[in-house]
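**Q** Before I ask anything, let me first share the structure, which is written out below as structure tokens.
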Amino acid sequence: MRQDAPYNNMTTLRLNLEPLWSWPIIALVAIVIAAGIWGGYRLSATGLPTGRRRLLMGIRFLTGLLLLVAIIRPQLQWVSPDGKASQIWIAGDSSRSMSVTDGPGGIARRESLLKTLENVESQLEQLKEEVEINRFDFDSSPHQVEAFQNENTGTQTAIGVLLREAARRHAEQPLSAIFLLTDGAQRAVPPYDLDPRDIASELGELGISLYPIPIGQAATTSAAADVAIEEIQVDPVVFVKKRVPVRVHVRWAGAGNRRMRVRLLLEDRSGLRAEQTGNLKPIPTTTYSETVVEFETRYTEGTKVIELSFTPELSGEYKLAAEVEPIKGEVQTRNNIRETLIRVRQGGLRIAYFDTFRTEIKSVRQLNSSEKVQVDFQMIRPKNFSGSGGKSSDIDNSWFEPGRYDVYIVGDVSAKHFTPVQMKLLAQRVRDGAGLMMLGGYHTYSAGGYAESPLRDILPVALAPGKAKPDSTFDTDLQIKAELHLKPTTAGNRHYVMRIDSPTRNNEAWLELPPLTGATRIRAKSDFVEVLAKSEQGDDLIVASDIGRSRVMCLAFDETYFWAQAGFEQAHRRFWRQAVLWLAHKELDTDQPVWIKVTPNTVDPGGRVSLEYGARDEKGKSLPETTFQVRITDPQGKEHRLSGSPTDIGQMTAFAETLTPGDYFVRVDATHKGKNVGFSALARFLVHDRDLEMDHPIVDRELLAELAQLAGLTTDSQMIAPEELKKFLDDYLNRKPWKSGLEISASLNLWDGWPILLLFATLMTIEWVLRKRGGLV
């Protein structure tokens with residue numbers, strides 16, 4: 001017995017049937033069962049006495065009757081007159097987007113909502129006699145009201161929160177249906193950003209019907225004209241006196257055949273302290289930069305990518321903005337501008353690259369596409385060194401002048417392509433702090449004679465003396481010829497160089513890359529170096545190490561161009577960019593002892609920001625047992641104190657109290673063994689000045705239809721056009737779907753449970769015993 005609620009002696013009893021099939025099919029099944037039983041025993045039990053044959057036939061008929069009971073599924077229900085009546089919710093959107101004037105005759109959406117309900121007032125009065133009707137305004141949360149008013153001041157539209165509250169209250173009083181009048185766009189930030197799709201499915205399982213009623217026009221009209229900067233794309237680190245490309249994504253609606261003007265603005269930080277915000281000023285156009293672009297729109301709505309550029313004059317951190325001028329009739333202009341942060345540095349990263357002519361050189365030289373990196377390439381011609389002894393070289397000694405290059409990359413070039421003096425100079429530059437990378441190939445590592453070179457003690461891989469090869473000879477001791485999938489190690493997944501995707505799918509992203517066709521055999525020389533990647537067979541593929549003041553990385557392969565050819569250009573570029581930045585100690589924005597990295601540096605209201613910070617000694621090593629104090633000052637001047645969790649290089653935390661648009665300043669102080677570590681680390685991030693409700697006030701009929709579909713898997717949920725609501729309610733009153741057992745205080749199923757099973761088993765046992773004695777088994 002399943003008891004739905006307490007009941008008393010003032011109850012009425014009724015029998016309810018829930019047949020598995022339609023009644024004609026059940027009748028046909030009953031006839032077939034009866035005919036089968038009667039015919040079967042009439043033919044098979046002719047030798048038995050008439051009484052015994054009738055007894056067996058009766059037992060079999062009782063068994064068949066039990067099967068029919070299971071098919072028609074009878075249930076006794078006790079209906080309590082004290083039970084709570086079911087309720088129906090009418091929920092009206094009271095957010096600011098309901099002020100858009102795209103209703104019939106140019107009225108606002110909220111007014112259109114009120115007129116829709118006014119047109120069905122008589123139906124609602126009739127419905128009120130049968131069920132309890134509750135009215136709710138909702139924005140970020142639902143508010144019960146006696147009557148709807150022409151008010152819409154809500155700053156968010158949290159449909160998910162409304163549906164969650166409905167599911168919760170259903171447990172207190174049965175809820176039959178929700179009539180949801182809204183423009184359908186979910187516009188909410190944490191903690192109100194519950195996905196309504198998940199909860200719609202739950203409503204269906206609870207038997208609650210959902211009837212969304214879209215308010216507003218799907219197509220944009222001139223009454224809702226709007227133009228916005230959707231995104232601004234620029235390298236976060238740029239350099240003084242170097243042209244900086246900027247891509248701006250512009251969106252417009254209700255603005256056909258208009259002339260648009262987009263321009264760049266830069267923060268003026270003259271005379272300001274680090275934690276002060278400067279004014280934005282237009283950037284003048286020069287011969288080598290384009291800071292203003294005009295274009296014309298052909299269609300009522302659309303998007304366009306605008307290419308702009310500028311040349312920074314001073315180093316430092318600045319706010320860069322893209323702005324599109326307001327158009328005639330535009331009411332919402334807060335989205336006409338979008339800001340980001342850039343760091344302008346004095347000089348770029350310079351790389352010296354030595355290699356022969358081969359396809360992989362494209363991978364390294366594509367770094368030149370970044371305004372912050374300059375790759376100088378020295379082509380190495382094949383030579384016969386049998387007579388020269390390596391005393392001559394294609395390479396000039398000036399390549400190894402102190403401070404000229406931040407990173408040296410050695411491709412498929414043997415040690416004999418460098419003179420002994422150049423080898424010593426290269427080793428000294430690495431010890432001075434320059435980064436070094438060596439690629440795989442037939443003439444690198446042991447096969448290239450580097451075991452006998454000054455780089456022997458610098459490279460973090462084991463080298464075998466006497467293994468140098470004069471030509472491209474394949475040696476199974478030195479080379480691998482097989483498909484190799486690069487797989488990050490545990491240390492690799494945490495390493496800056498290896499982060500080509502989000503932490504949760506970084507490993508998966510690496511495995512999606514096309515396999516290598518071979519590699520050079522390398523092996524970490526000790527446990528004090530890091531193996532960042534291996535093959536699935538266990539071969540070391542990427543080995544890295546800090547050597548004194550410098551960093552060295554060894555790649556066993558030279559086929560990363562496969563990644564770009566297979567469509568993974570972003571992962572390809574990101575790997576190479578991060579590799580050279582790490583080698584040059586430039587993966588962090590500052591060289592000060594206390595550092596902080598904010599990701600991302602711009603978010604929409606309610607967005608989440610991650611902060612990674614730490615402290616290091618004069619050699620760049622992380623300081624253990626360091627105490628940090630992290631403070632964030634929001635645009636209103638309120639200070640927030642945060643605590644973090646330890647990481648391999650410092651600590652990490654997150655911040656989500658970002659509802660107020662503006663500049664947020666972060667300050668990190670560190671103490672080590674009771675003493676202050678350097679100066680405070682300062683950073684800034686921006687929260688865009690976005691009006692969630694009015695930024696892009698579309699009518700999202702697709703979402704409403706999806707919600708009705710999800711809830712309708714077990715109910716009659718459906719989306720209803722406002723003009724069809726009256727007809728629907730007339731039918732709803734005739735069907736009375738709310739009378740579906742919601743006032744049932746207790747029930748008893750007569751078709752399942754152990755009594756039926758026991759009776760069925762008893763009858764079958766008795767029949768078998770009687771048939772056994774009668775010689776029928």
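Quick note on naming: the chains in the structure tokens go A, B, ... in the order shown, residues restart at 1 in each chain, and ligands are numbered from 1 in order of appearance.
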What are the DSSP strand (DSSP E) residues of segment 440-590 of chain A, as an MDAnalysis selection string?

**A** chainID A and resid 479:480 486:488 519:520 530:535 540:547 550:555

**Q** Kindly export the residues of the current selection with N, CA, C and O atoms, as an mmCIF file, in the first residue's frame.

**A**
data_model
loop_
_atom_site.group_PDB
_atom_site.id
_atom_site.type_symbol
_atom_site.label_atom_id
_atom_site.label_comp_id
_atom_site.auth_asym_id
_atom_site.auth_seq_id
_atom_site.Cartn_x
_atom_site.Cartn_y
_atom_site.Cartn_z
ATOM 1 N N GLN A 479 66.791 6.472 -33.276
ATOM 2 C CA GLN A 479 65.563 6.973 -33.895
ATOM 3 C C GLN A 479 64.422 5.983 -33.693
ATOM 4 O O GLN A 479 64.645 4.779 -33.510
ATOM 5 N N ILE A 480 63.196 6.493 -33.750
ATOM 6 C CA ILE A 480 61.978 5.672 -33.669
ATOM 7 C C ILE A 480 61.199 5.887 -34.956
ATOM 8 O O ILE A 480 60.934 7.032 -35.351
ATOM 9 N N LEU A 486 51.305 11.792 -28.789
ATOM 10 C CA LEU A 486 51.905 12.533 -27.691
ATOM 11 C C LEU A 486 50.911 12.622 -26.535
ATOM 12 O O LEU A 486 49.777 13.079 -26.709
ATOM 13 N N LYS A 487 51.347 12.187 -25.356
ATOM 14 C CA LYS A 487 50.477 12.150 -24.184
ATOM 15 C C LYS A 487 51.149 12.883 -23.036
ATOM 16 O O LYS A 487 52.236 12.504 -22.602
ATOM 17 N N PRO A 488 50.548 13.955 -22.511
ATOM 18 C CA PRO A 488 51.156 14.689 -21.396
ATOM 19 C C PRO A 488 51.278 13.809 -20.150
ATOM 20 O O PRO A 488 50.411 12.982 -19.867
ATOM 21 N N ALA A 519 60.310 9.777 -34.214
ATOM 22 C CA ALA A 519 60.928 10.686 -33.260
ATOM 23 C C ALA A 519 62.368 10.254 -33.018
ATOM 24 O O ALA A 519 62.782 9.138 -33.379
ATOM 25 N N THR A 520 63.117 11.146 -32.406
ATOM 26 C CA THR A 520 64.459 10.816 -31.944
ATOM 27 C C THR A 520 64.355 10.242 -30.535
ATOM 28 O O THR A 520 63.554 10.715 -29.725
ATOM 29 N N GLU A 530 62.210 17.492 -15.766
ATOM 30 C CA GLU A 530 60.793 17.155 -15.926
ATOM 31 C C GLU A 530 60.527 16.537 -17.294
ATOM 32 O O GLU A 530 60.936 17.092 -18.313
ATOM 33 N N VAL A 531 59.841 15.412 -17.282
ATOM 34 C CA VAL A 531 59.333 14.826 -18.521
ATOM 35 C C VAL A 531 57.901 15.316 -18.680
ATOM 36 O O VAL A 531 57.017 14.970 -17.899
ATOM 37 N N LEU A 532 57.670 16.139 -19.683
ATOM 38 C CA LEU A 532 56.356 16.757 -19.873
ATOM 39 C C LEU A 532 55.430 15.916 -20.739
ATOM 40 O O LEU A 532 54.201 16.050 -20.646
ATOM 41 N N ALA A 533 55.991 15.072 -21.599
ATOM 42 C CA ALA A 533 55.148 14.259 -22.476
ATOM 43 C C ALA A 533 55.876 12.975 -22.844
ATOM 44 O O ALA A 533 57.108 12.953 -22.985
ATOM 45 N N LYS A 534 55.091 11.923 -22.998
ATOM 46 C CA LYS A 534 55.599 10.625 -23.433
ATOM 47 C C LYS A 534 54.712 10.114 -24.557
ATOM 48 O O LYS A 534 53.604 10.610 -24.788
ATOM 49 N N SER A 535 55.204 9.101 -25.247
ATOM 50 C CA SER A 535 54.355 8.394 -26.207
ATOM 51 C C SER A 535 53.547 7.354 -25.444
ATOM 52 O O SER A 535 53.821 7.074 -24.266
ATOM 53 N N ASP A 540 60.091 9.036 -23.922
ATOM 54 C CA ASP A 540 60.113 10.459 -23.580
ATOM 55 C C ASP A 540 60.046 11.279 -24.871
ATOM 56 O O ASP A 540 60.829 11.055 -25.806
ATOM 57 N N LEU A 541 59.140 12.252 -24.910
ATOM 58 C CA LEU A 541 58.983 13.089 -26.106
ATOM 59 C C LEU A 541 59.285 14.565 -25.847
ATOM 60 O O LEU A 541 59.735 15.265 -26.749
ATOM 61 N N ILE A 542 58.997 15.045 -24.639
ATOM 62 C CA ILE A 542 59.339 16.420 -24.278
ATOM 63 C C ILE A 542 59.966 16.401 -22.889
ATOM 64 O O ILE A 542 59.362 15.908 -21.938
ATOM 65 N N VAL A 543 61.186 16.918 -22.797
ATOM 66 C CA VAL A 543 61.908 16.984 -21.531
ATOM 67 C C VAL A 543 62.315 18.435 -21.305
ATOM 68 O O VAL A 543 62.789 19.106 -22.239
ATOM 69 N N ALA A 544 62.129 18.942 -20.097
ATOM 70 C CA ALA A 544 62.441 20.341 -19.798
ATOM 71 C C ALA A 544 63.131 20.443 -18.446
ATOM 72 O O ALA A 544 62.954 19.592 -17.576
ATOM 73 N N SER A 545 63.914 21.517 -18.315
ATOM 74 C CA SER A 545 64.637 21.695 -17.058
ATOM 75 C C SER A 545 65.069 23.142 -16.902
ATOM 76 O O SER A 545 65.296 23.852 -17.888
ATOM 77 N N ASP A 546 65.186 23.579 -15.640
ATOM 78 C CA ASP A 546 65.812 24.855 -15.317
ATOM 79 C C ASP A 546 67.283 24.591 -15.048
ATOM 80 O O ASP A 546 67.632 23.781 -14.174
ATOM 81 N N ILE A 547 68.145 25.255 -15.795
ATOM 82 C CA ILE A 547 69.599 25.090 -15.645
ATOM 83 C C ILE A 547 70.157 26.423 -15.166
ATOM 84 O O ILE A 547 70.370 27.344 -15.969
ATOM 85 N N SER A 550 68.801 29.763 -16.623
ATOM 86 C CA SER A 550 68.142 29.561 -17.914
ATOM 87 C C SER A 550 67.205 28.360 -17.881
ATOM 88 O O SER A 550 67.153 27.611 -16.906
ATOM 89 N N ARG A 551 66.468 28.205 -18.981
ATOM 90 C CA ARG A 551 65.571 27.067 -19.159
ATOM 91 C C ARG A 551 65.899 26.390 -20.472
ATOM 92 O O ARG A 551 66.169 27.052 -21.475
ATOM 93 N N VAL A 552 65.839 25.051 -20.459
ATOM 94 C CA VAL A 552 66.176 24.260 -21.632
ATOM 95 C C VAL A 552 65.050 23.255 -21.867
ATOM 96 O O VAL A 552 64.529 22.656 -20.927
ATOM 97 N N MET A 553 64.699 23.082 -23.141
ATOM 98 C CA MET A 553 63.649 22.123 -23.499
ATOM 99 C C MET A 553 64.123 21.291 -24.679
ATOM 100 O O MET A 553 64.689 21.808 -25.641
ATOM 101 N N CYS A 554 63.887 19.996 -24.589
ATOM 102 C CA CYS A 554 64.256 19.062 -25.651
ATOM 103 C C CYS A 554 62.997 18.407 -26.206
ATOM 104 O O CYS A 554 62.234 17.783 -25.462
ATOM 105 N N LEU A 555 62.776 18.554 -27.525
ATOM 106 C CA LEU A 555 61.678 17.882 -28.210
ATOM 107 C C LEU A 555 62.253 16.701 -28.989
ATOM 108 O O LEU A 555 63.268 16.854 -29.674
#

**Q** Could you name the residues that touch Gly433 of chain A at 12 Å or less, counting only C-alpha atoms, but leaving out those on the same chain fewer than 6 positions away, as number ranges by chain?

**A** A: 402-408, 426-427, 458, 546-552, 583-585, 619-620

**Q** Nearest residue to Thr599 of chain A out of A:Leu341, A:Leu66, A:Leu516, A:Val413, using only C-alpha atoms?

**A** A:Leu341

**Q** If you run DSSP on this backbone, which residues of segment 536-687 of chain A come out as helix (DSSP H, G or I), and could you give them as a VMD selection string?

**A** chain A and resid 561 to 565 569 to 583

**Q** Residues at most 8 Å from Tyr288 of chain A, counting only C-alpha atoms, excluding those fewer than 5 positions away in the same chain, as a ChimeraX atom specification?

**A** /A:243,310-311

**Q** Can you tell me how far atom CA of Met437 of chain A sits from atom CA of Met423 of chain A, in Å to one decimal?

**A**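 Atom-to-atom, atom CA of Met437 of chain A and atom CA of Met423 of chain A are spaced 14.4 Å apart.
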
**Q** Nearest residue to Phe728 of chain A out of A:Lys362, A:Gln123, A:Asn257, A:Leu265, using only C-alpha atoms?

**A** A:Gln123

**Q** Any idea what's packed within 6 Å of segment 203-216 of chain A, counting only C-alpha atoms, ignoring anything in its chain fewer than 5 positions away? Could you give it as a PyMOL selection string?

**A** chain A and resi 102-103+109+176-183+704+708+711+714-715+717-721

**Q** In Å, rounded to a single decimal, give me how far atom CA of Arg334 of chain A is from atom CA of Gln217 of chain A.

**A**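 For atom CA of Gln217 of chain A relative to atom CA of Arg334 of chain A, the distance reads 22.8 Å.
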
**Q** Could you jot down the atom CA of His572 of chain A to atom CA of Ser526 of chain A separation for me, Å, one decimal place?

**A**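 Separation of atom CA of His572 of chain A and atom CA of Ser526 of chain A: 28.8 Å.
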
**Q** Could you list, as JSON, numbers by chain, every residue within 10 Å of Trp582 of chain A, counting only C-alpha atoms and ignoring same-chain residues fewer than 4 positions away?

**A** {"A": [407, 435, 495, 496, 497, 551, 552, 553, 576, 577, 578, 586, 587, 588]}

**Q** Which is closer to Thr333 of chain A than all the others in A:Val120, A:Val227, A:Ala464, A:Ala171, using only C-alpha atoms?

**A**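 Looking only at the distances to Thr333 of chain A, the closest residue turns out to be A:Val227.
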